[in-house]
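Q: Have a peek at work.cif (mmCIF, N, CA and C atoms).
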data_upload
#
loop_
_atom_site.label_atom_id
_atom_site.label_comp_id
_atom_site.auth_asym_id
_atom_site.auth_seq_id
_atom_site.Cartn_x
_atom_site.Cartn_y
_atom_site.Cartn_z
N MET A 1 164.89 125.32 94.99
CA MET A 1 164.93 125.49 96.44
C MET A 1 166.38 125.40 96.89
N LYS A 2 166.80 126.36 97.69
CA LYS A 2 168.16 126.42 98.18
C LYS A 2 168.30 125.57 99.45
N LYS A 3 169.37 124.78 99.48
CA LYS A 3 169.65 123.98 100.67
C LYS A 3 170.25 124.88 101.73
N GLN A 4 169.76 124.77 102.95
CA GLN A 4 170.26 125.59 104.04
C GLN A 4 170.56 124.68 105.23
N TYR A 5 171.73 124.86 105.82
CA TYR A 5 172.11 124.10 106.99
C TYR A 5 171.68 124.85 108.24
N LEU A 6 171.05 124.15 109.16
CA LEU A 6 170.55 124.77 110.39
C LEU A 6 171.30 124.19 111.58
N SER A 7 171.65 125.06 112.51
CA SER A 7 172.26 124.59 113.75
C SER A 7 171.16 124.03 114.65
N ILE A 8 171.57 123.31 115.65
CA ILE A 8 170.61 122.75 116.59
C ILE A 8 169.83 123.89 117.27
N HIS A 9 170.51 125.01 117.53
CA HIS A 9 169.83 126.15 118.17
C HIS A 9 168.76 126.74 117.25
N GLU A 10 169.04 126.77 115.95
CA GLU A 10 168.04 127.27 115.00
C GLU A 10 166.85 126.33 114.93
N VAL A 11 167.11 125.03 114.91
CA VAL A 11 166.03 124.04 114.88
C VAL A 11 165.19 124.15 116.15
N PHE A 12 165.85 124.33 117.29
CA PHE A 12 165.14 124.50 118.55
C PHE A 12 164.20 125.71 118.48
N GLY A 13 164.71 126.81 117.95
CA GLY A 13 163.89 128.02 117.83
C GLY A 13 162.68 127.81 116.95
N ILE A 14 162.87 127.14 115.84
CA ILE A 14 161.76 126.88 114.91
C ILE A 14 160.72 125.96 115.54
N LEU A 15 161.18 124.86 116.13
CA LEU A 15 160.24 123.89 116.69
C LEU A 15 159.55 124.40 117.95
N SER A 16 160.27 125.14 118.77
CA SER A 16 159.64 125.63 120.00
C SER A 16 158.63 126.75 119.72
N ALA A 17 158.70 127.35 118.55
CA ALA A 17 157.73 128.39 118.18
C ALA A 17 156.41 127.80 117.68
N ARG A 18 156.38 126.52 117.39
CA ARG A 18 155.15 125.86 116.92
C ARG A 18 154.14 125.82 118.04
N ARG A 19 152.91 126.22 117.73
CA ARG A 19 151.85 126.21 118.75
C ARG A 19 151.40 124.78 119.05
N GLU A 20 151.16 124.01 118.01
CA GLU A 20 150.71 122.63 118.19
C GLU A 20 151.56 121.71 117.31
N PRO A 21 152.73 121.33 117.80
CA PRO A 21 153.60 120.47 116.98
C PRO A 21 152.97 119.08 116.78
N ASN A 22 153.20 118.54 115.59
CA ASN A 22 152.73 117.16 115.36
C ASN A 22 153.69 116.21 116.07
N ALA A 23 153.45 114.92 115.96
CA ALA A 23 154.23 113.93 116.69
C ALA A 23 155.71 113.98 116.32
N ILE A 24 156.02 114.10 115.04
CA ILE A 24 157.41 114.13 114.60
C ILE A 24 158.10 115.40 115.11
N GLU A 25 157.42 116.53 115.01
CA GLU A 25 157.99 117.78 115.51
C GLU A 25 158.21 117.73 117.03
N GLY A 26 157.27 117.13 117.73
CA GLY A 26 157.39 116.98 119.19
C GLY A 26 158.57 116.12 119.58
N ASP A 27 158.74 114.99 118.86
CA ASP A 27 159.88 114.12 119.12
C ASP A 27 161.20 114.83 118.79
N SER A 28 161.21 115.56 117.69
CA SER A 28 162.41 116.29 117.29
C SER A 28 162.75 117.36 118.31
N LEU A 29 161.74 118.07 118.80
CA LEU A 29 161.97 119.10 119.81
C LEU A 29 162.53 118.49 121.08
N SER A 30 162.00 117.37 121.48
CA SER A 30 162.49 116.69 122.68
C SER A 30 163.98 116.33 122.53
N TYR A 31 164.34 115.81 121.36
CA TYR A 31 165.74 115.44 121.09
C TYR A 31 166.63 116.68 121.11
N VAL A 32 166.21 117.73 120.42
CA VAL A 32 167.01 118.95 120.31
C VAL A 32 167.22 119.57 121.68
N GLU A 33 166.22 119.53 122.54
CA GLU A 33 166.35 120.07 123.89
C GLU A 33 167.43 119.33 124.67
N ARG A 34 167.56 118.03 124.43
CA ARG A 34 168.55 117.22 125.15
C ARG A 34 169.97 117.44 124.64
N VAL A 35 170.13 117.71 123.35
CA VAL A 35 171.48 117.77 122.79
C VAL A 35 172.04 119.17 122.59
N LYS A 36 171.22 120.20 122.66
CA LYS A 36 171.76 121.54 122.43
C LYS A 36 172.65 121.94 123.60
N ILE A 37 173.74 122.62 123.25
CA ILE A 37 174.74 123.02 124.24
C ILE A 37 174.68 124.53 124.37
N GLY A 38 174.57 125.02 125.59
CA GLY A 38 174.58 126.46 125.82
C GLY A 38 173.32 127.13 125.31
N SER A 39 173.39 128.44 125.25
CA SER A 39 172.23 129.21 124.81
C SER A 39 172.60 130.19 123.71
N GLN A 40 173.63 129.85 122.96
CA GLN A 40 174.11 130.77 121.92
C GLN A 40 173.10 130.96 120.80
N ASP A 41 173.26 132.04 120.08
CA ASP A 41 172.44 132.32 118.91
C ASP A 41 173.10 131.60 117.74
N GLY A 42 172.57 130.44 117.39
CA GLY A 42 173.17 129.61 116.36
C GLY A 42 173.27 130.28 115.01
N LYS A 43 172.26 131.02 114.63
CA LYS A 43 172.25 131.67 113.33
C LYS A 43 173.34 132.73 113.25
N LYS A 44 173.45 133.52 114.31
CA LYS A 44 174.47 134.58 114.35
C LYS A 44 175.87 133.96 114.38
N SER A 45 176.07 132.94 115.20
CA SER A 45 177.38 132.29 115.30
C SER A 45 177.78 131.67 113.97
N LYS A 46 176.84 131.01 113.32
CA LYS A 46 177.11 130.39 112.02
C LYS A 46 177.55 131.45 111.02
N LYS A 47 176.81 132.53 110.96
CA LYS A 47 177.10 133.61 110.01
C LYS A 47 178.48 134.21 110.26
N GLU A 48 178.79 134.45 111.52
CA GLU A 48 180.08 135.05 111.85
C GLU A 48 181.25 134.11 111.56
N LEU A 49 181.08 132.82 111.80
CA LEU A 49 182.14 131.86 111.48
C LEU A 49 182.39 131.81 109.97
N VAL A 50 181.33 131.88 109.20
CA VAL A 50 181.47 131.88 107.73
C VAL A 50 182.19 133.15 107.28
N GLN A 51 181.77 134.29 107.81
CA GLN A 51 182.34 135.57 107.38
C GLN A 51 183.77 135.78 107.89
N GLN A 52 184.00 135.55 109.16
CA GLN A 52 185.30 135.84 109.76
C GLN A 52 186.39 134.85 109.38
N PHE A 53 186.01 133.58 109.21
CA PHE A 53 187.03 132.55 109.02
C PHE A 53 186.94 131.85 107.67
N GLY A 54 186.02 132.28 106.83
CA GLY A 54 185.91 131.72 105.49
C GLY A 54 185.50 130.26 105.47
N LEU A 55 184.74 129.85 106.46
CA LEU A 55 184.29 128.46 106.53
C LEU A 55 183.03 128.25 105.71
N ASP A 56 182.86 127.04 105.23
CA ASP A 56 181.63 126.65 104.56
C ASP A 56 180.52 126.61 105.61
N GLU A 57 179.29 126.87 105.17
CA GLU A 57 178.16 126.91 106.10
C GLU A 57 178.00 125.60 106.87
N ARG A 58 178.16 124.48 106.20
CA ARG A 58 177.97 123.19 106.89
C ARG A 58 179.05 122.95 107.95
N VAL A 59 180.27 123.45 107.72
CA VAL A 59 181.34 123.33 108.70
C VAL A 59 181.05 124.24 109.90
N ALA A 60 180.59 125.44 109.62
CA ALA A 60 180.25 126.38 110.69
C ALA A 60 179.13 125.81 111.57
N VAL A 61 178.13 125.21 110.96
CA VAL A 61 177.02 124.60 111.72
C VAL A 61 177.56 123.50 112.63
N LYS A 62 178.44 122.67 112.11
CA LYS A 62 178.99 121.58 112.91
C LYS A 62 179.77 122.14 114.11
N LEU A 63 180.55 123.20 113.89
CA LEU A 63 181.30 123.80 114.99
C LEU A 63 180.35 124.40 116.04
N VAL A 64 179.30 125.05 115.60
CA VAL A 64 178.33 125.63 116.53
C VAL A 64 177.64 124.53 117.32
N ASP A 65 177.24 123.47 116.64
CA ASP A 65 176.52 122.39 117.32
C ASP A 65 177.39 121.64 118.32
N LEU A 66 178.64 121.37 117.96
CA LEU A 66 179.50 120.56 118.83
C LEU A 66 180.24 121.38 119.89
N SER A 67 180.36 122.68 119.68
CA SER A 67 181.05 123.57 120.62
C SER A 67 182.37 122.97 121.12
N PRO A 68 183.33 122.76 120.22
CA PRO A 68 184.60 122.16 120.64
C PRO A 68 185.31 123.02 121.68
N ALA A 69 186.04 122.36 122.58
CA ALA A 69 186.69 123.06 123.69
C ALA A 69 188.20 123.16 123.53
N SER A 70 188.73 122.67 122.42
CA SER A 70 190.18 122.74 122.20
C SER A 70 190.48 122.86 120.71
N LYS A 71 191.71 123.29 120.42
CA LYS A 71 192.12 123.40 119.03
C LYS A 71 192.16 122.02 118.37
N GLU A 72 192.49 121.01 119.14
CA GLU A 72 192.54 119.65 118.61
C GLU A 72 191.15 119.18 118.18
N GLU A 73 190.14 119.51 118.98
CA GLU A 73 188.77 119.14 118.63
C GLU A 73 188.33 119.88 117.37
N ILE A 74 188.69 121.16 117.27
CA ILE A 74 188.36 121.93 116.07
C ILE A 74 189.03 121.32 114.85
N THR A 75 190.31 120.98 114.98
CA THR A 75 191.06 120.36 113.88
C THR A 75 190.40 119.06 113.45
N SER A 76 189.95 118.27 114.41
CA SER A 76 189.28 117.01 114.10
C SER A 76 188.00 117.24 113.29
N ILE A 77 187.23 118.24 113.69
CA ILE A 77 185.99 118.55 112.98
C ILE A 77 186.30 119.06 111.57
N LEU A 78 187.24 120.00 111.49
CA LEU A 78 187.58 120.58 110.19
C LEU A 78 188.15 119.53 109.23
N SER A 79 188.92 118.59 109.75
CA SER A 79 189.52 117.58 108.87
C SER A 79 188.47 116.70 108.20
N ASN A 80 187.32 116.53 108.83
CA ASN A 80 186.24 115.75 108.21
C ASN A 80 185.71 116.42 106.96
N TYR A 81 185.95 117.72 106.83
CA TYR A 81 185.49 118.49 105.67
C TYR A 81 186.67 118.94 104.80
N SER A 82 187.83 118.35 105.04
CA SER A 82 189.06 118.67 104.30
C SER A 82 189.42 120.15 104.39
N VAL A 83 189.23 120.72 105.58
CA VAL A 83 189.57 122.12 105.83
C VAL A 83 190.80 122.15 106.73
N ILE A 84 191.79 122.93 106.32
CA ILE A 84 193.02 123.06 107.10
C ILE A 84 193.18 124.52 107.49
N LYS A 85 193.37 124.76 108.76
CA LYS A 85 193.60 126.12 109.28
C LYS A 85 194.90 126.11 110.06
N ASP A 86 195.63 127.23 110.01
CA ASP A 86 196.87 127.31 110.78
C ASP A 86 196.56 127.52 112.26
N ASP A 87 197.61 127.43 113.08
CA ASP A 87 197.44 127.50 114.53
C ASP A 87 196.80 128.82 114.97
N LYS A 88 197.16 129.91 114.33
CA LYS A 88 196.61 131.21 114.68
C LYS A 88 195.10 131.24 114.43
N GLU A 89 194.67 130.73 113.28
CA GLU A 89 193.23 130.70 112.96
C GLU A 89 192.48 129.76 113.89
N LEU A 90 193.10 128.63 114.23
CA LEU A 90 192.46 127.70 115.16
C LEU A 90 192.24 128.37 116.52
N THR A 91 193.23 129.13 116.96
CA THR A 91 193.11 129.85 118.23
C THR A 91 192.00 130.89 118.15
N GLN A 92 191.91 131.60 117.04
CA GLN A 92 190.86 132.60 116.86
C GLN A 92 189.48 131.96 116.84
N ILE A 93 189.35 130.83 116.15
CA ILE A 93 188.07 130.12 116.11
C ILE A 93 187.69 129.66 117.52
N LEU A 94 188.65 129.08 118.22
CA LEU A 94 188.38 128.61 119.59
C LEU A 94 187.97 129.77 120.49
N ASP A 95 188.69 130.89 120.40
CA ASP A 95 188.34 132.06 121.21
C ASP A 95 186.93 132.54 120.89
N TYR A 96 186.59 132.55 119.62
CA TYR A 96 185.23 132.97 119.22
C TYR A 96 184.19 132.03 119.81
N LEU A 97 184.41 130.73 119.66
CA LEU A 97 183.43 129.75 120.15
C LEU A 97 183.28 129.82 121.67
N VAL A 98 184.40 129.96 122.38
CA VAL A 98 184.35 130.02 123.83
C VAL A 98 183.62 131.27 124.31
N SER A 99 183.88 132.40 123.64
CA SER A 99 183.24 133.65 124.06
C SER A 99 181.78 133.73 123.66
N ASN A 100 181.33 132.89 122.74
CA ASN A 100 179.94 132.95 122.29
C ASN A 100 179.12 131.74 122.70
N THR A 101 179.65 130.92 123.60
CA THR A 101 178.91 129.78 124.13
C THR A 101 178.71 130.01 125.62
N SER A 102 177.47 130.09 125.99
CA SER A 102 177.19 130.30 127.43
C SER A 102 175.92 129.61 127.83
#
Show the structure stored in the file as structure tokens.
A:
Amino acid sequence: MKKQYLSIHEVFGILSARREPNAIEGDSLSYVERVKIGSQDGKKSKKELVQQFGLDERVAVKLVDLSPASKEEITSILSNYSVIKDDKELTQILDYLVSNTS
């Protein structure tokens, strides 16, 4: 079985599609509704961050979930995964995230 990282938006989509969620799914859905930011397509954003910027899937998911608003916030997130990007790439990532979060 392949491990797959899901963004909060993907989890929301999966859980909200359940007709009769059990107690754990219901609690999880309630939590995800409170913490999800914007209405972006998490799966698409994750895929594009991986492809365009060469990020690992788990790093891309974290960026999508947290929706950082500055290059400093992006650097902080990336440093937790030992990823270093130059200023130009940080600007491109920020521009992508800002344009795809609404």
Q: Using the chain letters and numbers from this file, what does the PyMOL selection byres (((chain A and resi 44 and name CA) around 12) and name CA) select? Give the answer as a list in words.
A: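 That selection, the PyMOL selection byres (((chain A and resi 44 and name CA) around 12) and name CA), comes back as Leu6, Ser7, His9, Glu10, Ser39, Gln40, Asp41, Gly42, Lys43, Ser45, Lys46, Lys47, Glu48, Leu49, Val50, Gln51, Gln52, Glu57, Ala60, Val61, Val64, Tyr96, Leu97, Asn100 and Thr101 of chain A.
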Q: Measuring between all atoms listed in the file, which one of A:Val59, A:Val32, A:Val11, A:Gln92 shows the shortest distance to Ile77 of chain A?
A: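 The closest residue to Ile77 of chain A is A:Val59.
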Q: When you draw a straight line from atom CA of Arg34 of chain A to atom CA of Phe53 of chain A, how long is it in Å?
A: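 Atom CA of Phe53 of chain A lies 28.9 Å from atom CA of Arg34 of chain A.
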Q: When you draw a straight line from atom C of Ile14 of chain A to atom N of Ser99 of chain A, how long is it in Å?
A: 25.4 Å
Q: Tell me, in Å to one decimal, how far atom CA of Val83 of chain A is from atom CA of Pro68 of chain A.
A: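 Those two atoms sit 15.6 Å apart.
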Q: The PyMOL selection byres (((chain A and resi 31 and name CA) around 12) and name CA) - which residues does that actually catch in the file I just gave you? List them as JSON, numbers by chain.
A: {"A": [8, 9, 11, 12, 15, 16, 24, 25, 26, 27, 28, 29, 30, 32, 33, 34, 35, 36]}
Q: Pull the helix (DSSP H, G or I) assignments for chain A out of DSSP run on the backbone, and list those residues as a count of residues only.
A: 66
Q: When you count only C-alpha atoms, which of these residues is closest to Leu66 of chain A: A:Ile84, A:Val98, A:Pro21, A:Gly54?
A: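 Of the candidates, the smallest distance to Leu66 of chain A is held by A:Val98.
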Q: I'd like to know which of A:Asn22, A:Ser70, A:Ser82, A:Gln4 is closest to Leu94 of chain A, using only N, CA and C atoms.
A: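 Distance minimum relative to Leu94 of chain A lands on A:Ser70.
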Q: Could you extract segment 47-92 of chain A of the given structure into a file holding N, CA and C atoms, as a PDB file, in the first residue's frame?
A:
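And here's out_33.pdb as it stands now:
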ATOM      1  N   LYS A  47      -0.328  18.987  -6.388  1.00  0.00           N
ATOM      2  CA  LYS A  47       0.305  18.444  -7.594  1.00  0.00           C
ATOM      3  C   LYS A  47       1.154  19.504  -8.297  1.00  0.00           C
ATOM      4  N   GLU A  48       0.618  20.704  -8.416  1.00  0.00           N
ATOM      5  CA  GLU A  48       1.350  21.769  -9.096  1.00  0.00           C
ATOM      6  C   GLU A  48       2.583  22.208  -8.317  1.00  0.00           C
ATOM      7  N   LEU A  49       2.500  22.254  -6.996  1.00  0.00           N
ATOM      8  CA  LEU A  49       3.677  22.606  -6.195  1.00  0.00           C
ATOM      9  C   LEU A  49       4.776  21.560  -6.353  1.00  0.00           C
ATOM     10  N   VAL A  50       4.391  20.303  -6.408  1.00  0.00           N
ATOM     11  CA  VAL A  50       5.367  19.221  -6.597  1.00  0.00           C
ATOM     12  C   VAL A  50       6.015  19.345  -7.974  1.00  0.00           C
ATOM     13  N   GLN A  51       5.199  19.552  -8.996  1.00  0.00           N
ATOM     14  CA  GLN A  51       5.710  19.599 -10.366  1.00  0.00           C
ATOM     15  C   GLN A  51       6.502  20.875 -10.655  1.00  0.00           C
ATOM     16  N   GLN A  52       5.964  22.020 -10.296  1.00  0.00           N
ATOM     17  CA  GLN A  52       6.588  23.297 -10.644  1.00  0.00           C
ATOM     18  C   GLN A  52       7.825  23.614  -9.814  1.00  0.00           C
ATOM     19  N   PHE A  53       7.821  23.211  -8.546  1.00  0.00           N
ATOM     20  CA  PHE A  53       8.895  23.639  -7.656  1.00  0.00           C
ATOM     21  C   PHE A  53       9.733  22.487  -7.114  1.00  0.00           C
ATOM     22  N   GLY A  54       9.439  21.275  -7.553  1.00  0.00           N
ATOM     23  CA  GLY A  54      10.232  20.121  -7.144  1.00  0.00           C
ATOM     24  C   GLY A  54      10.146  19.808  -5.662  1.00  0.00           C
ATOM     25  N   LEU A  55       9.014  20.118  -5.068  1.00  0.00           N
ATOM     26  CA  LEU A  55       8.834  19.857  -3.638  1.00  0.00           C
ATOM     27  C   LEU A  55       8.358  18.436  -3.405  1.00  0.00           C
ATOM     28  N   ASP A  56       8.688  17.904  -2.256  1.00  0.00           N
ATOM     29  CA  ASP A  56       8.177  16.615  -1.822  1.00  0.00           C
ATOM     30  C   ASP A  56       6.684  16.769  -1.549  1.00  0.00           C
ATOM     31  N   GLU A  57       5.933  15.689  -1.736  1.00  0.00           N
ATOM     32  CA  GLU A  57       4.477  15.744  -1.553  1.00  0.00           C
ATOM     33  C   GLU A  57       4.094  16.210  -0.151  1.00  0.00           C
ATOM     34  N   ARG A  58       4.789  15.736   0.861  1.00  0.00           N
ATOM     35  CA  ARG A  58       4.425  16.125   2.236  1.00  0.00           C
ATOM     36  C   ARG A  58       4.682  17.610   2.488  1.00  0.00           C
ATOM     37  N   VAL A  59       5.705  18.185   1.849  1.00  0.00           N
ATOM     38  CA  VAL A  59       5.988  19.611   1.975  1.00  0.00           C
ATOM     39  C   VAL A  59       4.908  20.414   1.258  1.00  0.00           C
ATOM     40  N   ALA A  60       4.528  19.964   0.078  1.00  0.00           N
ATOM     41  CA  ALA A  60       3.479  20.638  -0.690  1.00  0.00           C
ATOM     42  C   ALA A  60       2.162  20.638   0.089  1.00  0.00           C
ATOM     43  N   VAL A  61       1.827  19.527   0.713  1.00  0.00           N
ATOM     44  CA  VAL A  61       0.593  19.441   1.515  1.00  0.00           C
ATOM     45  C   VAL A  61       0.641  20.444   2.660  1.00  0.00           C
ATOM     46  N   LYS A  62       1.768  20.537   3.324  1.00  0.00           N
ATOM     47  CA  LYS A  62       1.891  21.470   4.443  1.00  0.00           C
ATOM     48  C   LYS A  62       1.710  22.915   3.964  1.00  0.00           C
ATOM     49  N   LEU A  63       2.299  23.253   2.811  1.00  0.00           N
ATOM     50  CA  LEU A  63       2.147  24.603   2.270  1.00  0.00           C
ATOM     51  C   LEU A  63       0.681  24.885   1.905  1.00  0.00           C
ATOM     52  N   VAL A  64       0.015  23.919   1.311  1.00  0.00           N
ATOM     53  CA  VAL A  64      -1.393  24.095   0.943  1.00  0.00           C
ATOM     54  C   VAL A  64      -2.244  24.263   2.199  1.00  0.00           C
ATOM     55  N   ASP A  65      -1.997  23.443   3.201  1.00  0.00           N
ATOM     56  CA  ASP A  65      -2.800  23.502   4.425  1.00  0.00           C
ATOM     57  C   ASP A  65      -2.598  24.804   5.200  1.00  0.00           C
ATOM     58  N   LEU A  66      -1.356  25.264   5.293  1.00  0.00           N
ATOM     59  CA  LEU A  66      -1.069  26.446   6.109  1.00  0.00           C
ATOM     60  C   LEU A  66      -1.238  27.762   5.358  1.00  0.00           C
ATOM     61  N   SER A  67      -1.213  27.716   4.035  1.00  0.00           N
ATOM     62  CA  SER A  67      -1.360  28.919   3.204  1.00  0.00           C
ATOM     63  C   SER A  67      -0.527  30.088   3.726  1.00  0.00           C
ATOM     64  N   PRO A  68       0.793  29.952   3.731  1.00  0.00           N
ATOM     65  CA  PRO A  68       1.639  31.030   4.246  1.00  0.00           C
ATOM     66  C   PRO A  68       1.457  32.322   3.446  1.00  0.00           C
ATOM     67  N   ALA A  69       1.592  33.453   4.141  1.00  0.00           N
ATOM     68  CA  ALA A  69       1.339  34.751   3.518  1.00  0.00           C
ATOM     69  C   ALA A  69       2.611  35.543   3.250  1.00  0.00           C
ATOM     70  N   SER A  70       3.769  34.963   3.548  1.00  0.00           N
ATOM     71  CA  SER A  70       5.026  35.673   3.309  1.00  0.00           C
ATOM     72  C   SER A  70       6.132  34.675   2.979  1.00  0.00           C
ATOM     73  N   LYS A  71       7.212  35.207   2.394  1.00  0.00           N
ATOM     74  CA  LYS A  71       8.353  34.351   2.079  1.00  0.00           C
ATOM     75  C   LYS A  71       8.979  33.800   3.360  1.00  0.00           C
ATOM     76  N   GLU A  72       8.933  34.576   4.417  1.00  0.00           N
ATOM     77  CA  GLU A  72       9.497  34.138   5.696  1.00  0.00           C
ATOM     78  C   GLU A  72       8.725  32.933   6.242  1.00  0.00           C
ATOM     79  N   GLU A  73       7.407  32.976   6.116  1.00  0.00           N
ATOM     80  CA  GLU A  73       6.589  31.850   6.575  1.00  0.00           C
ATOM     81  C   GLU A  73       6.873  30.607   5.731  1.00  0.00           C
ATOM     82  N   ILE A  74       7.028  30.793   4.425  1.00  0.00           N
ATOM     83  CA  ILE A  74       7.362  29.662   3.552  1.00  0.00           C
ATOM     84  C   ILE A  74       8.713  29.085   3.939  1.00  0.00           C
ATOM     85  N   THR A  75       9.695  29.952   4.169  1.00  0.00           N
ATOM     86  CA  THR A  75      11.034  29.503   4.573  1.00  0.00           C
ATOM     87  C   THR A  75      10.970  28.714   5.870  1.00  0.00           C
ATOM     88  N   SER A  76      10.160  29.177   6.804  1.00  0.00           N
ATOM     89  CA  SER A  76      10.010  28.484   8.080  1.00  0.00           C
ATOM     90  C   SER A  76       9.443  27.075   7.884  1.00  0.00           C
ATOM     91  N   ILE A  77       8.443  26.959   7.026  1.00  0.00           N
ATOM     92  CA  ILE A  77       7.843  25.652   6.752  1.00  0.00           C
ATOM     93  C   ILE A  77       8.848  24.746   6.052  1.00  0.00           C
ATOM     94  N   LEU A  78       9.494  25.280   5.017  1.00  0.00           N
ATOM     95  CA  LEU A  78      10.453  24.472   4.251  1.00  0.00           C
ATOM     96  C   LEU A  78      11.624  24.012   5.117  1.00  0.00           C
ATOM     97  N   SER A  79      12.067  24.860   6.039  1.00  0.00           N
ATOM     98  CA  SER A  79      13.216  24.493   6.871  1.00  0.00           C
ATOM     99  C   SER A  79      12.922  23.296   7.766  1.00  0.00           C
ATOM    100  N   ASN A  80      11.667  23.090   8.116  1.00  0.00           N
ATOM    101  CA  ASN A  80      11.297  21.918   8.920  1.00  0.00           C
ATOM    102  C   ASN A  80      11.519  20.620   8.160  1.00  0.00           C
ATOM    103  N   TYR A  81      11.590  20.716   6.841  1.00  0.00           N
ATOM    104  CA  TYR A  81      11.800  19.543   5.990  1.00  0.00           C
ATOM    105  C   TYR A  81      13.178  19.578   5.319  1.00  0.00           C
ATOM    106  N   SER A  82      14.042  20.447   5.815  1.00  0.00           N
ATOM    107  CA  SER A  82      15.406  20.612   5.284  1.00  0.00           C
ATOM    108  C   SER A  82      15.411  20.964   3.803  1.00  0.00           C
ATOM    109  N   VAL A  83      14.471  21.807   3.400  1.00  0.00           N
ATOM    110  CA  VAL A  83      14.374  22.264   2.015  1.00  0.00           C
ATOM    111  C   VAL A  83      14.812  23.731   1.972  1.00  0.00           C
ATOM    112  N   ILE A  84      15.714  24.029   1.054  1.00  0.00           N
ATOM    113  CA  ILE A  84      16.200  25.397   0.898  1.00  0.00           C
ATOM    114  C   ILE A  84      15.877  25.857  -0.519  1.00  0.00           C
ATOM    115  N   LYS A  85      15.233  26.987  -0.624  1.00  0.00           N
ATOM    116  CA  LYS A  85      14.903  27.587  -1.923  1.00  0.00           C
ATOM    117  C   LYS A  85      15.470  29.000  -1.948  1.00  0.00           C
ATOM    118  N   ASP A  86      15.898  29.444  -3.134  1.00  0.00           N
ATOM    119  CA  ASP A  86      16.412  30.809  -3.243  1.00  0.00           C
ATOM    120  C   ASP A  86      15.257  31.806  -3.243  1.00  0.00           C
ATOM    121  N   ASP A  87      15.611  33.092  -3.161  1.00  0.00           N
ATOM    122  CA  ASP A  87      14.606  34.142  -3.040  1.00  0.00           C
ATOM    123  C   ASP A  87      13.637  34.151  -4.221  1.00  0.00           C
ATOM    124  N   LYS A  88      14.140  33.895  -5.412  1.00  0.00           N
ATOM    125  CA  LYS A  88      13.293  33.888  -6.606  1.00  0.00           C
ATOM    126  C   LYS A  88      12.247  32.777  -6.511  1.00  0.00           C
ATOM    127  N   GLU A  89      12.674  31.582  -6.104  1.00  0.00           N
ATOM    128  CA  GLU A  89      11.729  30.462  -5.969  1.00  0.00           C
ATOM    129  C   GLU A  89      10.726  30.711  -4.859  1.00  0.00           C
ATOM    130  N   LEU A  90      11.182  31.315  -3.758  1.00  0.00           N
ATOM    131  CA  LEU A  90      10.265  31.637  -2.666  1.00  0.00           C
ATOM    132  C   LEU A  90       9.181  32.606  -3.143  1.00  0.00           C
ATOM    133  N   THR A  91       9.589  33.588  -3.938  1.00  0.00           N
ATOM    134  CA  THR A  91       8.629  34.547  -4.488  1.00  0.00           C
ATOM    135  C   THR A  91       7.642  33.845  -5.409  1.00  0.00           C
ATOM    136  N   GLN A  92       8.124  32.932  -6.235  1.00  0.00           N
ATOM    137  CA  GLN A  92       7.251  32.193  -7.146  1.00  0.00           C
ATOM    138  C   GLN A  92       6.267  31.312  -6.376  1.00  0.00           C
TER     139      GLN A  92
END
